[in-house]
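Here is the structure we will look at.
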Amino acid sequence: MGSKRSWGQAAPEVQTSEFLTFRLGPEAYGIEILKVQEIRGYEQPTAIANAPDFIKGVINLRGVIVPILDLRLKFRLEQASYDEFTVVIILSVAGRIVGVVVDAVSDVLTLAADAIRATPEFASATFDTKYITGLGTVGDQMIILLDIEKLMTGADMALVDSVAG
């Protein structure tokens, strides 16, 4: 006899994740929507002496001092010109509020687990993929999915104290 089959049950739920997509130059990137607090137009932050070049400075956001990072500089892309499309994505990461400067925000996408591919392995130690969780595909477009938590808590960022344990 065959196994019992129950008719009328719902199909298994497909695992999906939502990402805010943005552009840095010609490339599309995505970060988990749950990390995003708000999106603001770019305003010149107050510079902080001796900060790494990718930390543009700080802004006062409703009484909270928020560090502003330029992801183009962090990822060693060419220098961006700030224009009316330049935005700051305000994130809540590891209990801190942080802003990242991007060229433009594109969309909010829902990706099924099968639309996300693993990050390819690279032999060169000069190309660091530890901040990339995978590559999402929508049609013929590829989106680089960032682990924004890992990126913002990296030792080189100096934004959060290292977590003991």
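Chain labels follow the order of the structure tokens: the first chain is A, the next B, and so on; residue numbering restarts at 1 in every chain, and ligands are counted from 1 in their shown order.
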
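Within 9 Å of segment 30-33 of chain A, once only C-alpha atoms are used and residues closer than 2 positions along the same chain are dropped, the contacting residues are Ser17, Glu18, Phe19, Leu20, Thr21, Phe22, Arg23, Ala28, Lys35, Val36, Gln37, Val108, Leu109, Gly136, Ile143, Ile144, Leu145, Leu146, Asp147 and Ile148 of chain A.
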
Residues at most 7 Å from Thr46 of chain A, counting only C-alpha atoms, excluding those fewer than 2 positions away in the same chain, as a ChimeraX atom specification?
-> /A:44,48,57-59

Keeping only C-alpha atoms, take the residues you just selected and write them out as a PDB file, in the first residue's frame.
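Writing the result to result27.pdb gives the following:
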```pdb
ATOM      1  CA  GLN A  44      26.750  67.124   4.837  1.00  0.00           C
ATOM      2  CA  ILE A  48      35.307  63.823  12.914  1.00  0.00           C
ATOM      3  CA  GLY A  57      31.204  62.238   9.971  1.00  0.00           C
ATOM      4  CA  VAL A  58      28.114  62.393  12.166  1.00  0.00           C
ATOM      5  CA  ILE A  59      24.642  63.906  12.026  1.00  0.00           C
TER       6      ILE A  59
END
```

Skipping near chain neighbours, those fewer than 6 positions away, what residues fall within 12 Å of Ala80 of chain A using only C-alpha atoms, listed as a PyMOL selection string?
-> chain A and resi 23-26+54+70-74+86-87+101-104

Restrict the selected residues to all heavy atoms and save them as a short mmCIF file (atom, residue, chain, number, x, y, z; two decimals), in the first residue's frame.
```
data_model
loop_
_atom_site.label_atom_id
_atom_site.label_comp_id
_atom_site.auth_asym_id
_atom_site.auth_seq_id
_atom_site.Cartn_x
_atom_site.Cartn_y
_atom_site.Cartn_z
N ARG A 23 21.83 51.34 -5.18
CA ARG A 23 22.90 51.34 -6.17
C ARG A 23 24.15 52.00 -5.62
O ARG A 23 24.09 52.99 -4.92
CB ARG A 23 22.44 52.06 -7.44
CG ARG A 23 21.23 51.38 -8.05
CD ARG A 23 21.08 51.60 -9.51
NE ARG A 23 21.99 50.81 -10.34
CZ ARG A 23 21.84 49.52 -10.61
NH1 ARG A 23 20.85 48.85 -10.09
NH2 ARG A 23 22.68 48.90 -11.40
N LEU A 24 25.27 51.39 -5.98
CA LEU A 24 26.59 52.00 -5.80
C LEU A 24 27.23 51.87 -7.18
O LEU A 24 27.62 50.76 -7.57
CB LEU A 24 27.43 51.25 -4.76
CG LEU A 24 26.98 51.34 -3.30
CD1 LEU A 24 27.85 50.44 -2.43
CD2 LEU A 24 27.03 52.76 -2.80
N GLY A 25 27.31 52.97 -7.91
CA GLY A 25 27.78 52.89 -9.29
C GLY A 25 26.82 52.04 -10.09
O GLY A 25 25.61 52.14 -9.92
N PRO A 26 27.34 51.15 -10.93
CA PRO A 26 26.45 50.35 -11.77
C PRO A 26 25.86 49.13 -11.07
O PRO A 26 24.96 48.48 -11.59
CB PRO A 26 27.38 49.89 -12.91
CG PRO A 26 28.73 49.84 -12.26
CD PRO A 26 28.75 50.94 -11.24
N PHE A 54 36.25 56.45 5.01
CA PHE A 54 34.89 56.05 4.67
C PHE A 54 33.86 56.54 5.70
O PHE A 54 32.67 56.48 5.45
CB PHE A 54 34.78 54.53 4.47
CG PHE A 54 35.20 53.72 5.66
CD1 PHE A 54 34.31 53.45 6.70
CD2 PHE A 54 36.48 53.19 5.74
CE1 PHE A 54 34.70 52.70 7.78
CE2 PHE A 54 36.87 52.43 6.82
CZ PHE A 54 35.99 52.18 7.85
N ASP A 70 30.31 56.12 4.04
CA ASP A 70 30.15 56.08 2.60
C ASP A 70 30.54 54.68 2.13
O ASP A 70 31.72 54.31 2.20
CB ASP A 70 31.02 57.14 1.93
CG ASP A 70 30.73 57.28 0.45
OD1 ASP A 70 30.49 56.26 -0.21
OD2 ASP A 70 30.75 58.42 -0.05
N LEU A 71 29.55 53.90 1.68
CA LEU A 71 29.84 52.52 1.27
C LEU A 71 30.72 52.46 0.03
O LEU A 71 31.45 51.51 -0.17
CB LEU A 71 28.54 51.74 1.05
CG LEU A 71 27.81 51.30 2.31
CD1 LEU A 71 26.61 50.44 1.96
CD2 LEU A 71 28.73 50.56 3.27
N ARG A 72 30.66 53.50 -0.83
CA ARG A 72 31.55 53.52 -2.01
C ARG A 72 33.01 53.50 -1.57
O ARG A 72 33.82 52.78 -2.12
CB ARG A 72 31.32 54.79 -2.82
CG ARG A 72 30.37 54.63 -3.94
CD ARG A 72 30.34 55.95 -4.69
NE ARG A 72 29.47 55.87 -5.79
CZ ARG A 72 29.85 55.49 -7.00
NH1 ARG A 72 31.09 55.20 -7.24
NH2 ARG A 72 28.98 55.43 -7.97
N LEU A 73 33.33 54.33 -0.57
CA LEU A 73 34.70 54.39 -0.09
C LEU A 73 35.07 53.11 0.66
O LEU A 73 36.18 52.60 0.52
CB LEU A 73 34.89 55.61 0.81
CG LEU A 73 34.73 56.97 0.12
CD1 LEU A 73 34.83 58.10 1.12
CD2 LEU A 73 35.72 57.14 -1.01
N LYS A 74 34.13 52.57 1.44
CA LYS A 74 34.40 51.33 2.18
C LYS A 74 34.71 50.19 1.22
O LYS A 74 35.58 49.36 1.48
CB LYS A 74 33.19 51.01 3.05
CG LYS A 74 33.28 49.67 3.75
CD LYS A 74 34.43 49.62 4.73
CE LYS A 74 34.50 48.26 5.39
NZ LYS A 74 35.82 47.96 5.89
N THR A 86 21.50 61.10 -4.18
CA THR A 86 22.27 60.50 -3.09
C THR A 86 21.42 60.47 -1.83
O THR A 86 20.80 61.47 -1.47
CB THR A 86 23.55 61.32 -2.84
OG1 THR A 86 24.28 61.41 -4.06
CG2 THR A 86 24.42 60.67 -1.77
N VAL A 87 21.39 59.31 -1.18
CA VAL A 87 20.58 59.18 0.02
C VAL A 87 21.41 58.53 1.13
O VAL A 87 22.44 57.92 0.89
CB VAL A 87 19.30 58.36 -0.22
CG1 VAL A 87 18.36 59.06 -1.16
CG2 VAL A 87 19.62 56.97 -0.72
N VAL A 101 25.79 56.05 3.20
CA VAL A 101 25.55 56.84 2.01
C VAL A 101 25.58 55.92 0.80
O VAL A 101 26.51 55.13 0.62
CB VAL A 101 26.64 57.93 1.84
CG1 VAL A 101 26.39 58.75 0.58
CG2 VAL A 101 26.70 58.82 3.06
N VAL A 102 24.53 56.00 -0.04
CA VAL A 102 24.46 55.21 -1.28
C VAL A 102 24.05 56.14 -2.41
O VAL A 102 23.54 57.23 -2.18
CB VAL A 102 23.47 54.03 -1.15
CG1 VAL A 102 23.89 53.08 -0.02
CG2 VAL A 102 22.04 54.49 -0.93
N ASP A 103 24.30 55.69 -3.65
CA ASP A 103 23.99 56.54 -4.80
C ASP A 103 22.49 56.76 -4.96
O ASP A 103 22.06 57.87 -5.26
CB ASP A 103 24.54 55.92 -6.09
CG ASP A 103 26.06 55.91 -6.10
OD1 ASP A 103 26.68 56.60 -5.27
OD2 ASP A 103 26.64 55.21 -6.96
N ALA A 104 21.70 55.71 -4.80
CA ALA A 104 20.25 55.82 -4.93
C ALA A 104 19.61 54.57 -4.36
O ALA A 104 20.19 53.49 -4.42
CB ALA A 104 19.85 55.99 -6.39
#
```

Applying 12 Å and only C-alpha atoms, which residues near Gln15 of chain A remain after dropping the ones on its own chain fewer than 4 positions away? List them as a short mmCIF file (atom, residue, chain, number, x, y, z; two decimals) with all heavy atoms, in the first residue's frame.
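File produced: result-v5.cif:
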```cif
data_model
loop_
_atom_site.label_atom_id
_atom_site.label_comp_id
_atom_site.auth_asym_id
_atom_site.auth_seq_id
_atom_site.Cartn_x
_atom_site.Cartn_y
_atom_site.Cartn_z
N THR A 110 11.17 41.15 -2.56
CA THR A 110 10.98 39.91 -1.81
C THR A 110 11.63 38.81 -2.62
O THR A 110 11.26 38.59 -3.79
CB THR A 110 9.48 39.62 -1.61
OG1 THR A 110 8.90 40.71 -0.91
CG2 THR A 110 9.28 38.35 -0.82
N LEU A 111 12.61 38.15 -2.03
CA LEU A 111 13.32 37.07 -2.72
C LEU A 111 13.02 35.75 -2.04
O LEU A 111 13.14 35.64 -0.81
CB LEU A 111 14.83 37.31 -2.70
CG LEU A 111 15.35 38.52 -3.48
CD1 LEU A 111 16.85 38.67 -3.28
CD2 LEU A 111 15.03 38.39 -4.96
N ALA A 112 12.66 34.76 -2.83
CA ALA A 112 12.50 33.41 -2.31
C ALA A 112 13.89 32.83 -2.09
O ALA A 112 14.85 33.24 -2.73
CB ALA A 112 11.72 32.55 -3.31
N ALA A 113 13.99 31.88 -1.18
CA ALA A 113 15.29 31.28 -0.85
C ALA A 113 15.96 30.72 -2.10
O ALA A 113 17.18 30.80 -2.24
CB ALA A 113 15.11 30.19 0.20
N ASP A 114 15.18 30.18 -3.05
CA ASP A 114 15.79 29.60 -4.25
C ASP A 114 16.25 30.65 -5.27
O ASP A 114 16.87 30.31 -6.27
CB ASP A 114 14.86 28.58 -4.91
CG ASP A 114 13.57 29.19 -5.43
OD1 ASP A 114 13.34 30.40 -5.21
OD2 ASP A 114 12.78 28.46 -6.04
N ALA A 115 15.97 31.93 -5.00
CA ALA A 115 16.45 33.01 -5.87
C ALA A 115 17.76 33.60 -5.35
O ALA A 115 18.29 34.54 -5.91
CB ALA A 115 15.40 34.12 -5.99
N ILE A 116 18.27 33.04 -4.24
CA ILE A 116 19.51 33.52 -3.65
C ILE A 116 20.58 32.45 -3.82
O ILE A 116 20.40 31.32 -3.38
CB ILE A 116 19.32 33.87 -2.16
CG1 ILE A 116 18.25 34.96 -2.01
CG2 ILE A 116 20.64 34.30 -1.54
CD1 ILE A 116 17.85 35.26 -0.59
#
```

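Nearest residue to Glu43 of chain A, choosing from A:Ile132, A:Val100, A:Val64, A:Leu91 and counting only C-alpha atoms: A:Val100.
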
Can you list every residue in segment 14-156 of chain A that DSSP puts in strand (DSSP E), as a PyMOL selection string?
-> chain A and resi 16-24+27-32+36-41+55-61+64-70+87-93+96-102+104-112+116-117+132-138+141-146

What is the distance, in Å and to one decimal place, between atom CA of Val93 of chain A and atom CA of Ile39 of chain A?
-> 14.9 Å

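Here the residues within segment 6-128 of chain A that DSSP labels helix (DSSP H, G or I) on the basis of the backbone are A:Ile33, A:Leu34, A:Lys35, A:Leu71, A:Arg72, A:Leu73, A:Lys74, A:Ala113, A:Asp114, A:Ala115.
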
Identify which of the residues A:Tyr29, A:Gly63, A:Ile89, A:Ala51 lies closest to Gly134 of chain A, counting only C-alpha atoms when measuring atom-to-atom distances.
-> A:Tyr29

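Here atom CA of Ile97 of chain A stands at a distance of 11.5 Å from atom CA of Glu149 of chain A.
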
Closest to Arg40 of chain A among A:Ala118, A:Val105, A:Ile68, A:Val88, using only C-alpha atoms?
-> A:Val88

Distance in Å - atom CA of Pro67 of chain A versus atom CA of Glu27 of chain A | 24.0 Å
